[in-house]
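So this one's protein36.tsv, TSV, C-alpha atoms and all ligand atoms:
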chain	number	residue	atom	x	y	z
A	17	MET	CA	4.96	24.13	17.90
A	18	PHE	CA	4.39	25.25	14.33
A	19	PHE	CA	6.66	25.03	11.34
A	20	ASP	CA	6.37	25.54	7.61
A	21	PRO	CA	7.98	22.55	5.87
A	22	ARG	CA	8.75	24.75	2.86
A	23	ASP	CA	11.13	26.77	5.06
A	24	VAL	CA	12.65	24.24	7.44
A	25	GLY	CA	11.97	20.84	5.91
A	26	MET	CA	10.69	17.88	7.91
A	27	LYS	CA	13.42	17.64	10.56
A	28	PRO	CA	13.40	20.91	12.53
A	29	GLU	CA	14.59	20.88	16.17
A	30	PRO	CA	14.00	18.71	18.22
A	31	PHE	CA	13.24	16.00	15.66
A	32	LYS	CA	15.93	13.47	14.89
A	33	HIS	CA	14.18	11.95	11.87
A	34	SER	CA	11.79	13.23	9.26
A	35	VAL	CA	8.61	13.67	11.27
A	36	TYR	CA	6.02	13.64	8.50
A	37	THR	CA	5.24	9.93	8.40
A	38	ALA	CA	4.45	10.07	12.14
A	39	LEU	CA	1.83	12.79	11.64
A	40	VAL	CA	-0.78	10.98	9.57
A	41	LEU	CA	-1.43	7.60	11.09
A	42	PRO	CA	-2.25	4.79	11.28
A	43	ARG	CA	-2.00	4.30	7.54
A	44	PRO	CA	-3.29	1.22	5.71
A	45	ILE	CA	-0.73	-0.60	3.64
A	46	GLY	CA	-1.53	-1.21	0.00
A	47	TRP	CA	0.37	-4.36	-0.85
A	48	ILE	CA	0.24	-4.01	-4.60
A	49	SER	CA	0.76	-6.82	-7.09
A	50	THR	CA	1.25	-6.10	-10.78
A	51	VAL	CA	2.73	-7.88	-13.79
A	52	SER	CA	5.22	-6.40	-16.24
A	53	VAL	CA	4.61	-6.42	-19.98
A	54	ASN	CA	6.92	-9.46	-19.97
A	55	GLY	CA	4.61	-11.25	-17.53
A	56	ILE	CA	6.89	-11.00	-14.45
A	57	VAL	CA	5.04	-10.66	-11.14
A	58	ASN	CA	5.86	-7.65	-8.95
A	59	LEU	CA	4.78	-7.08	-5.35
A	60	ALA	CA	5.50	-4.03	-3.16
A	61	PRO	CA	4.01	-2.24	-0.13
A	62	PHE	CA	2.76	1.35	-0.25
A	63	SER	CA	1.53	3.19	2.84
A	64	PHE	CA	0.62	6.21	0.78
A	65	PHE	CA	-2.46	4.17	-0.07
A	66	ASN	CA	-6.16	4.42	0.59
A	67	SER	CA	-9.70	3.73	-0.50
A	68	ILE	CA	-11.02	6.94	-2.07
A	69	SER	CA	-14.59	6.18	-3.17
A	70	GLY	CA	-17.27	3.54	-2.79
A	71	GLU	CA	-19.64	3.67	-5.74
A	72	PRO	CA	-17.82	2.52	-7.73
A	73	PRO	CA	-15.08	1.48	-5.34
A	74	CYS	CA	-11.75	3.13	-6.18
A	75	VAL	CA	-8.35	3.01	-4.47
A	76	MET	CA	-5.08	4.87	-4.88
A	77	PHE	CA	-1.43	4.21	-4.15
A	78	CYS	CA	1.60	6.46	-4.57
A	79	PRO	CA	4.77	5.01	-6.09
A	80	ASN	CA	7.00	8.01	-5.42
A	81	GLY	CA	10.57	8.67	-6.42
A	82	PHE	CA	12.82	6.12	-8.00
A	83	LYS	CA	13.90	2.54	-7.45
A	84	ALA	CA	16.69	2.72	-4.83
A	85	GLY	CA	20.03	3.57	-6.42
A	86	THR	CA	18.61	4.20	-9.90
A	87	ASP	CA	16.86	6.94	-11.82
A	88	GLU	CA	14.11	4.56	-12.95
A	89	PRO	CA	10.49	4.78	-11.82
A	90	LYS	CA	9.26	2.06	-9.46
A	91	ASP	CA	8.13	-1.19	-11.11
A	92	SER	CA	4.63	-0.92	-9.63
A	93	LEU	CA	4.08	2.40	-11.44
A	94	VAL	CA	5.54	1.17	-14.72
A	95	ASN	CA	3.50	-2.05	-14.63
A	96	ALA	CA	0.18	-0.46	-13.60
A	97	GLU	CA	0.46	2.12	-16.36
A	98	ALA	CA	1.67	-0.32	-19.02
A	99	THR	CA	-0.85	-3.09	-18.36
A	100	GLY	CA	-3.76	-1.07	-16.92
A	101	GLU	CA	-4.16	-3.42	-13.96
A	102	PHE	CA	-3.08	-3.88	-10.34
A	103	VAL	CA	-4.25	-5.77	-7.25
A	104	PHE	CA	-4.49	-4.61	-3.64
A	105	ASN	CA	-3.64	-7.37	-1.16
A	106	MET	CA	-4.46	-6.84	2.52
A	107	CYS	CA	-1.33	-7.05	4.63
A	108	THR	CA	-1.93	-8.73	7.97
A	109	TYR	CA	0.15	-9.06	11.12
A	110	ASP	CA	0.94	-12.65	10.12
A	111	LEU	CA	2.31	-11.46	6.76
A	112	ARG	CA	4.39	-8.58	8.13
A	113	HIS	CA	7.80	-10.07	7.38
A	114	GLU	CA	6.87	-11.08	3.83
A	115	MET	CA	5.46	-7.59	3.26
A	116	ASN	CA	8.68	-6.02	4.48
A	117	ALA	CA	10.77	-8.33	2.28
A	118	THR	CA	8.86	-7.16	-0.80
A	119	SER	CA	9.89	-3.54	-0.16
A	120	LYS	CA	13.41	-4.44	-1.22
A	121	HIS	CA	14.41	-3.19	-4.62
A	122	VAL	CA	14.99	-6.15	-6.91
A	123	PRO	CA	15.42	-6.20	-10.70
A	124	GLU	CA	12.23	-6.21	-12.77
A	125	SER	CA	13.13	-9.71	-14.00
A	126	ILE	CA	12.54	-11.30	-10.56
A	127	ASP	CA	9.13	-12.58	-9.43
A	128	GLU	CA	8.84	-10.79	-6.08
A	129	MET	CA	5.94	-12.90	-4.83
A	130	ALA	CA	7.89	-16.12	-5.26
A	131	GLU	CA	11.06	-14.44	-3.95
A	132	ALA	CA	9.23	-13.64	-0.68
A	133	GLY	CA	8.04	-17.26	-0.39
A	134	LEU	CA	4.44	-16.35	-1.11
A	135	GLU	CA	2.04	-18.46	-3.12
A	136	ALA	CA	0.25	-16.68	-5.96
A	137	ALA	CA	-3.46	-17.18	-6.64
A	138	ASP	CA	-5.15	-16.34	-9.94
A	139	CYS	CA	-7.39	-13.31	-10.21
A	140	ILE	CA	-10.63	-13.35	-12.20
A	141	ASN	CA	-10.87	-10.01	-14.01
A	142	VAL	CA	-7.22	-8.94	-14.11
A	143	LYS	CA	-3.91	-10.62	-14.97
A	144	PRO	CA	-1.79	-9.87	-11.87
A	145	PRO	CA	-2.08	-12.66	-9.29
A	146	ARG	CA	-3.09	-12.02	-5.70
A	147	VAL	CA	-1.27	-13.19	-2.58
A	148	GLN	CA	-2.95	-16.49	-1.70
A	149	SER	CA	-2.44	-16.09	2.05
A	150	SER	CA	-3.87	-12.57	2.17
A	151	PRO	CA	-7.50	-12.68	3.36
A	152	ILE	CA	-8.70	-9.80	1.16
A	153	ALA	CA	-7.72	-8.78	-2.37
A	154	LEU	CA	-9.14	-6.11	-4.66
A	155	GLU	CA	-8.67	-6.52	-8.40
A	156	CYS	CA	-8.23	-3.06	-9.94
A	157	LYS	CA	-8.37	-1.54	-13.41
A	158	TYR	CA	-6.04	1.45	-13.77
A	159	LEU	CA	-7.86	4.76	-14.23
A	160	GLN	CA	-5.21	7.49	-14.15
A	161	THR	CA	-1.98	8.79	-12.64
A	162	ILE	CA	-1.96	12.17	-10.96
A	163	HIS	CA	1.51	13.72	-10.88
A	164	LEU	CA	2.17	15.31	-7.49
A	165	PRO	CA	4.60	18.13	-6.67
A	166	SER	CA	8.19	17.15	-5.97
A	167	ASN	CA	10.89	18.93	-3.97
A	168	LYS	CA	13.73	17.25	-5.78
A	169	ALA	CA	14.74	17.77	-9.38
A	170	ASN	CA	14.01	14.75	-11.58
A	171	ILE	CA	12.09	12.94	-8.83
A	172	THR	CA	8.46	12.31	-9.54
A	173	ASN	CA	5.67	11.65	-7.05
A	174	ASN	CA	2.65	9.89	-8.44
A	175	MET	CA	-0.83	8.94	-7.33
A	176	VAL	CA	-2.13	5.91	-9.22
A	177	ILE	CA	-5.90	5.52	-9.12
A	178	GLY	CA	-7.78	2.35	-10.00
A	179	GLU	CA	-11.34	1.06	-9.97
A	180	VAL	CA	-12.06	-2.15	-8.09
A	181	VAL	CA	-13.48	-4.74	-10.49
A	182	GLY	CA	-13.15	-7.86	-8.37
A	183	ILE	CA	-13.23	-8.58	-4.64
A	184	HIS	CA	-11.82	-11.64	-2.89
A	185	ILE	CA	-12.69	-12.25	0.76
A	186	SER	CA	-11.60	-15.38	2.58
A	187	SER	CA	-14.80	-16.95	3.94
A	188	THR	CA	-13.00	-17.74	7.21
A	189	MET	CA	-12.91	-13.97	7.87
A	190	VAL	CA	-16.69	-13.57	7.67
A	191	VAL	CA	-18.63	-13.92	10.93
A	192	ASP	CA	-22.34	-13.24	11.33
A	193	GLY	CA	-22.60	-11.50	7.96
A	194	LYS	CA	-19.68	-9.15	8.65
A	195	VAL	CA	-16.00	-9.10	7.81
A	196	ASP	CA	-14.38	-9.71	11.19
A	197	VAL	CA	-11.40	-7.41	11.64
A	198	ARG	CA	-10.45	-9.35	14.77
A	199	LYS	CA	-9.68	-12.35	12.61
A	200	ILE	CA	-7.92	-10.37	9.87
A	201	LYS	CA	-5.56	-8.41	12.14
A	202	PRO	CA	-4.66	-5.84	9.46
A	203	LEU	CA	-1.23	-4.28	9.69
A	204	ALA	CA	-1.06	-0.48	9.87
A	205	ARG	CA	1.92	1.76	9.27
A	206	LEU	CA	2.90	4.23	11.98
A	207	GLY	CA	5.80	6.69	11.92
A	208	TYR	CA	9.46	5.79	11.44
A	209	LEU	CA	9.83	1.98	11.25
A	210	ASP	CA	6.85	1.29	13.52
A	211	TYR	CA	3.71	-0.70	12.76
A	212	ALA	CA	0.52	-1.56	14.60
A	213	SER	CA	-1.63	-4.63	14.46
A	214	ILE	CA	-5.35	-3.92	14.72
A	215	GLU	CA	-6.26	-6.08	17.70
A	216	PRO	CA	-9.67	-6.62	19.32
A	217	VAL	CA	-9.36	-4.62	22.52
A	218	ASN	CA	-10.20	-1.17	21.22
A	219	ILE	CA	-12.84	-1.78	18.57
A	220	PHE	CA	-16.11	0.04	19.21
A	221	PRO	CA	-18.92	1.42	17.03
A	222	ILE	CA	-19.98	5.08	16.91
A	223	ASP	CA	-23.42	5.77	15.40
A	224	ARG	CA	-23.67	8.58	12.85
A	225	PRO	CA	-25.69	11.68	13.84
A	226	GLU	CA	-29.29	11.75	12.53
B	301	LIG	C1	5.47	-0.37	4.93
B	301	LIG	C2	6.07	0.27	3.71
B	301	LIG	C3	5.39	1.29	3.06
B	301	LIG	C4	5.91	1.89	1.91
B	301	LIG	N1	5.19	2.89	1.31
B	301	LIG	C5	5.65	3.45	0.18
B	301	LIG	C6	4.87	4.46	-0.49
B	301	LIG	O1	3.77	4.81	-0.09
B	301	LIG	N2	5.39	4.99	-1.63
B	301	LIG	C7	6.59	4.59	-2.14
B	301	LIG	O2	6.99	5.09	-3.20
B	301	LIG	N3	7.35	3.63	-1.53
B	301	LIG	C8	6.89	3.05	-0.39
B	301	LIG	N4	7.63	2.07	0.22
B	301	LIG	C9	8.86	1.59	-0.43
B	301	LIG	C10	8.52	0.65	-1.61
B	301	LIG	O3	7.83	-0.51	-1.14
B	301	LIG	C11	9.83	0.24	-2.33
B	301	LIG	O4	10.37	1.39	-2.96
B	301	LIG	C12	9.65	-0.88	-3.33
B	301	LIG	O5	10.94	-1.36	-3.69
B	301	LIG	C13	8.96	-0.47	-4.60
B	301	LIG	O6	8.91	-1.61	-5.40
B	301	LIG	P1	8.68	-1.65	-6.96
B	301	LIG	O7	9.85	-0.97	-7.65
B	301	LIG	O8	8.64	-3.12	-7.20
B	301	LIG	O9	7.39	-0.95	-7.24
B	301	LIG	C14	7.17	1.48	1.39
B	301	LIG	C15	7.86	0.45	2.05
B	301	LIG	C16	7.34	-0.13	3.21
B	301	LIG	C17	8.10	-1.23	3.92

Using the file provided, produce a representation of the structure as structure tokens.
Amino acid sequence: MFFDPRDVGMKPEPFKHSVYTALVLPRPIGWISTVSVNGIVNLAPFSFFNSISGEPPCVMFCPNGFKAGTDEPKDSLVNAEATGEFVFNMCTYDLRHEMNATSKHVPESIDEMAEAGLEAADCINVKPPRVQSSPIALECKYLQTIHLPSNKANITNNMVIGEVVGIHISSTMVVDGKVDVRKIKPLARLGYLDYASIEPVNIFPIDRPE
């Protein structure tokens, strides 16, 4: 099967739902905390997220489109651009329901971390707090926004890039000098409404070629 999404969109026969999110997977989830200029904490998940360089470490997330039912940009984009800071929190299997709850659109005036029943922990080099129960957090300084193409008038797609300036790792996740993914159980996004938990059974190393 081949199709050109510019001609037929993302739901050609026989697909019942937009197929695109099921084509690039598993995707890490950037659970992004920010603060507004008024100091209100915001937290939201983004699966258009990834680590994009190592020296220095940089990450990106894509707050696309608008807040549901409005023509306003998402709070995470507004806050990252206005304050120049954001934090990546690792979403784990144990935190899946809280993560999902924070995808709900709520007014900017509501602290979404508290609303989801999550405890906030202070960061060191940036103002937004991290999720205390998340085993890994990356404090980020905003670098730039790249505006991506959009198929819909007045809808913007955006890639926000930041440099990691602080790294939190729960010491209980470190075994024998390595971060132990078996303990972390990161949550990955699959297609549709599906997720996967990275469990021990299928983890194996592959050496690089000489
Ligand atoms: C697992 C998951 C992944 C998501 N990924 C994205 C994404 O990559 N980009 C996006 O714009 N929205 C994504 N969303 C929806 C946002 O989380 C949602 O629009 C949220 O309300 C944005 O919050 P904010 O306005 O506080 O930034 C995702 C939702 C879920 C549950």

Give as a ChimeraX atom specification the residues surrounding ligand LIG 301 (chain B) up to a distance of 7 Å, considering all atoms listed in the file.
/A:45,58-65,77-81,83-84,90-93,115-116,118-121,205

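Compared by their closest atoms to Val35 in chain A, and using only C-alpha atoms, the residues A:Ala98, A:Ile214, A:Leu159, A:Leu206 rank with A:Leu206 nearest.
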
So what do you get for CA of Ile222 in chain A versus CA of Val195 in chain A, distance-wise?
17.3 Å

Which residues, protein or nucleic acid, reach to within 7 Å of (-12.2, -11.1, 14.3) in the file's coordinates when using only C-alpha atoms, and can you give that as number ranges by chain?
A: 196-200

Find the residue from A:Ala136, A:Ala130, A:Val122, A:Val147 that sits nearest to Ile48 in chain A; use all atoms listed in the file when measuring.
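For Ile48 in chain A, the nearest of the given residues is A:Val147.
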
Give me, as an MDAnalysis selection string, all polymer residues having an atom no more than 9 Å from Val180 in chain A, counting all atoms listed in the file and skipping those fewer than 4 positions away in the same chain.
chainID A and resid 72:75 103 154:157

Contact residues around Ser125 in chain A with only C-alpha atoms at 9 Å, ignoring same-chain residues under 4 positions, as a PyMOL selection string
chain A and resi 52+54+56-57

Between CA of Met129 in chain A and CA of Val176 in chain A, what is the distance in Å, rounded to a tenth?
20.9 Å

Residue with smallest distance to Asn141 in chain A - pool A:Ile68, A:Ile162, A:Ala117, A:Glu179, counting only C-alpha atoms:
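Checking each of A:Ile68, A:Ile162, A:Ala117, A:Glu179 against Asn141 in chain A, counting only C-alpha atoms, the winner is A:Glu179.
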
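With CA of Pro151 in chain A on one side and CA of Ser186 in chain A on the other, the separation reads 5.0 Å.
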
Out of A:Val24, A:Ala212, A:Ala38, A:Leu203, which residue has the shortest atom-to-atom distance to Asp110 in chain A when counting all atoms listed in the file?
A:Leu203

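When all atoms listed in the file are used to measure the gap to Asn66 in chain A, the shortest distance among A:Ile152, A:Gly46, A:Glu131, A:Pro89 belongs to A:Gly46.
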
Give as a PyMOL selection string every residue, naming chains and numbers as the document does, that has an atom within 7 Å of (-10.4, -11.9, -9.3), counting all atoms listed in the file.
chain A and resi 138-142+155+182-184

Contact residues around Ser149 in chain A with all atoms listed in the file at 9 Å, ignoring same-chain residues under 6 positions, as number ranges by chain
A: 111, 134-137

Point out the residue among A:Glu88, A:Glu226, A:Pro202, A:Phe82 with the least atom-to-atom distance to Tyr109 in chain A, counting only C-alpha atoms.
A:Pro202
